[in-house]
Amino acid sequence: MILTEQKPLPEIIEKLKNEKKIFILSCEGCPEGADTGGEAVVNNIKSELEKEGKIITGVMPIDFLCQKALIKSRARVKLNDIKNSDAVLVVSCGLGVQASTEALGKICYPALNTKTFGGITGMWQGTERCDACGDCVLEYTGGICPYTACPKKLLNGACAGQSNGKCETDPERDCGWELIYKRLEKLGQLDRLYKFIEPRNYKKMLPSPEIRKTNLWALDEEVI
């Protein structure tokens, strides 16, 4: 299971301040196990956004948002609502935000931060990877993680080491920031590159003391 914590509601509201119509996608997989997803959580987020004058164009739970094929098949019935929204708020780990952006062709905002258990948490299909940084910024990078797409984990643009769109560390590997630029260009959102992303705070990767006291943290050791 991938461990997540909800971003503070004021932070979610601030990130969405320039967006009026919001569609909410939620994952029924890992977030529900971590108590950061599910109907009650999503309804609370929806209610708080409506208090801020946002129009919620729809809410859709999907079994596993890390599966692009599943997103595409399930979202068909709500496709018009999604396309007519200014943005999509995704209640999932970083994998779900990345997969949703790729599948829907819309800027997706993360409602959760992905934390680390301190080891490998599972395998999944697809090319998306999450570095469990604890401070998801995928809305600024077009749903492409700068930590996992860029071998140097650069947060504010490409270095001078790329050539013909390839990374100097591996001539067969695409430059992560070249991919980010092309994605934002395709979405008409290149102005997002003007946002300065703060240096990584490694403390945010770790679960809070409160989580480490719960049964969720102790599941591997608990005998049932």
# chains A, B, ... in the order shown; residues from 1 in each chain; ligands from 1
$ select_by_dssp --residues "segment 7-215 of chain A" --states "strand (DSSP E)" --output "number ranges by chain"
A: 21-27, 55-62, 87-91, 108-110, 112-115, 166-167, 170-174
$ residues_around --residues "Glu198 of chain A" --least-positions-apart "4" --cutoff "12 Å" --atoms "only C-alpha atoms" --output "count of residues only"
8
$ closest_residue --among "A:Arg76, A:Lys83, A:Lys7, A:Lys20" --to "Glu52 of chain A" --atoms "only C-alpha atoms"
A:Lys20
$ residues_around --residues "Arg183 of chain A" --least-positions-apart "6" --cutoff "10 Å" --atoms "only C-alpha atoms" --output "PDB file with N, CA and C atoms, in the first residue's frame"
ATOM      1  N   THR A 101      -3.603  12.920 -15.259  1.00  0.00           N
ATOM      2  CA  THR A 101      -3.225  13.993 -16.173  1.00  0.00           C
ATOM      3  C   THR A 101      -2.977  13.441 -17.572  1.00  0.00           C
ATOM      4  N   GLU A 102      -2.255  12.326 -17.632  1.00  0.00           N
ATOM      5  CA  GLU A 102      -1.953  11.695 -18.917  1.00  0.00           C
ATOM      6  C   GLU A 102      -3.223  11.192 -19.594  1.00  0.00           C
ATOM      7  N   GLY A 105      -5.824  14.522 -20.191  1.00  0.00           N
ATOM      8  CA  GLY A 105      -5.369  15.706 -20.899  1.00  0.00           C
ATOM      9  C   GLY A 105      -5.807  16.988 -20.224  1.00  0.00           C
ATOM     10  N   ILE A 107      -5.075  19.584 -16.563  1.00  0.00           N
ATOM     11  CA  ILE A 107      -4.255  19.840 -15.390  1.00  0.00           C
ATOM     12  C   ILE A 107      -4.947  19.229 -14.176  1.00  0.00           C
ATOM     13  N   THR A 141       3.900  20.961 -12.978  1.00  0.00           N
ATOM     14  CA  THR A 141       4.756  20.269 -13.961  1.00  0.00           C
ATOM     15  C   THR A 141       3.947  19.406 -14.926  1.00  0.00           C
ATOM     16  N   GLY A 142       2.682  19.711 -15.075  1.00  0.00           N
ATOM     17  CA  GLY A 142       1.862  19.009 -16.057  1.00  0.00           C
ATOM     18  C   GLY A 142       1.672  17.539 -15.766  1.00  0.00           C
ATOM     19  N   GLY A 143       1.726  17.163 -14.474  1.00  0.00           N
ATOM     20  CA  GLY A 143       1.500  15.767 -14.116  1.00  0.00           C
ATOM     21  C   GLY A 143       2.679  14.864 -14.375  1.00  0.00           C
ATOM     22  N   ILE A 144       3.858  15.439 -14.609  1.00  0.00           N
ATOM     23  CA  ILE A 144       5.084  14.652 -14.767  1.00  0.00           C
ATOM     24  C   ILE A 144       5.969  14.949 -13.569  1.00  0.00           C
ATOM     25  N   TRP A 177      12.661  17.378 -18.030  1.00  0.00           N
ATOM     26  CA  TRP A 177      12.120  18.726 -18.179  1.00  0.00           C
ATOM     27  C   TRP A 177      11.723  19.032 -19.610  1.00  0.00           C
ATOM     28  N   GLN A 189      -0.407  25.587 -20.989  1.00  0.00           N
ATOM     29  CA  GLN A 189      -0.181  26.009 -19.603  1.00  0.00           C
ATOM     30  C   GLN A 189       1.299  26.305 -19.331  1.00  0.00           C
ATOM     31  N   LEU A 190       2.016  26.823 -20.323  1.00  0.00           N
ATOM     32  CA  LEU A 190       3.439  27.078 -20.133  1.00  0.00           C
ATOM     33  C   LEU A 190       3.711  28.118 -19.046  1.00  0.00           C
TER      34      LEU A 190
END
$ residues_around --residues "Pro10 of chain A" --least-positions-apart "6" --cutoff "10 Å" --atoms "only C-alpha atoms" --output "tab-separated table (two decimals) with all heavy atoms, in the first residue's frame"
chain	number	residue	atom	x	y	z
A	16	LEU	N	-6.22	26.16	-5.85
A	16	LEU	CA	-7.34	26.21	-6.79
A	16	LEU	C	-7.96	27.60	-6.90
A	16	LEU	O	-9.03	27.75	-7.48
A	16	LEU	CB	-8.42	25.21	-6.36
A	16	LEU	CG	-8.04	23.73	-6.47
A	16	LEU	CD1	-9.09	22.86	-5.77
A	16	LEU	CD2	-7.90	23.30	-7.93
A	48	GLU	N	-16.05	22.06	1.44
A	48	GLU	CA	-15.19	23.21	1.71
A	48	GLU	C	-14.93	24.02	0.45
A	48	GLU	O	-14.87	25.26	0.50
A	48	GLU	CB	-13.86	22.73	2.31
A	48	GLU	CG	-13.98	22.14	3.70
A	48	GLU	CD	-14.53	23.13	4.71
A	48	GLU	OE1	-14.10	24.31	4.68
A	48	GLU	OE2	-15.39	22.74	5.53
A	49	LEU	N	-14.79	23.36	-0.68
A	49	LEU	CA	-14.59	24.08	-1.94
A	49	LEU	C	-15.84	24.86	-2.34
A	49	LEU	O	-15.75	25.99	-2.83
A	49	LEU	CB	-14.20	23.11	-3.05
A	49	LEU	CG	-12.80	22.48	-2.94
A	49	LEU	CD1	-12.59	21.47	-4.06
A	49	LEU	CD2	-11.72	23.55	-2.99
$ closest_atom_pairs --of "segment 88-160 of chain A" --to "segment 21-35 of chain A" --cutoff "8 Å" --atoms "only C-alpha atoms" --output "CSV"
residue,atom,partner,partner_atom,distance
A:Val88,CA,A:Phe23,CA,4.8
A:Leu89,CA,A:Ile24,CA,4.8
A:Val90,CA,A:Leu25,CA,4.9
A:Val91,CA,A:Ser26,CA,4.5
A:Ser92,CA,A:Cys27,CA,5.4
A:Cys93,CA,A:Pro31,CA,7.4
A:Gly96,CA,A:Cys27,CA,7.6
$ atom_distance --atom1 "atom CA of Met1 of chain A" --atom2 "atom CA of Thr114 of chain A"
11.1 Å
$ closest_residue --among "A:Glu185, A:Leu179, A:Ser100, A:Thr148" --to "Gln162 of chain A" --atoms "only C-alpha atoms"
A:Leu179
$ closest_residue --among "A:Ile180, A:Ala111, A:Ala149, A:Leu187" --to "Glu14 of chain A" --atoms "only C-alpha atoms"
A:Ala111
$ select_by_dssp --residues "chain A" --states "helix (DSSP H, G or I)" --output "JSON, numbers by chain"
{"A": [9, 10, 11, 12, 13, 14, 15, 30, 31, 32, 33, 39, 40, 41, 42, 43, 44, 45, 46, 47, 48, 49, 50, 51, 68, 69, 70, 71, 72, 73, 74, 75, 76, 77, 78, 79, 80, 81, 82, 83, 94, 95, 96, 97, 98, 99, 100, 101, 102, 103, 104, 146, 147, 148, 149, 176, 177, 178, 179, 180, 181, 182, 183, 184, 185, 186, 187, 190, 191, 192, 193, 194, 202, 203, 204, 205, 209, 210, 211, 212]}
$ residues_around --residues "segment 131-134 of chain A" --least-positions-apart "5" --cutoff "6 Å" --atoms "only C-alpha atoms" --output "count of residues only"
6
$ closest_residue --among "A:Leu65, A:Lys15, A:Asp174, A:Lys153" --to "Pro199 of chain A" --atoms "only C-alpha atoms"
A:Lys153
$ atom_distance --atom1 "atom CA of Asp86 of chain A" --atom2 "atom CA of Ala158 of chain A"
27.7 Å
$ closest_residue --among "A:Lys78, A:Lys152, A:Lys195, A:Lys203" --to "Cys175 of chain A" --atoms "only C-alpha atoms"
A:Lys152
$ atom_distance --atom1 "atom CA of Ile71 of chain A" --atom2 "atom CA of Leu193 of chain A"
26.8 Å
$ closest_residue --among "A:Pro61, A:Gly176, A:Pro110, A:Pro8" --to "Tyr147 of chain A" --atoms "only C-alpha atoms"
A:Gly176
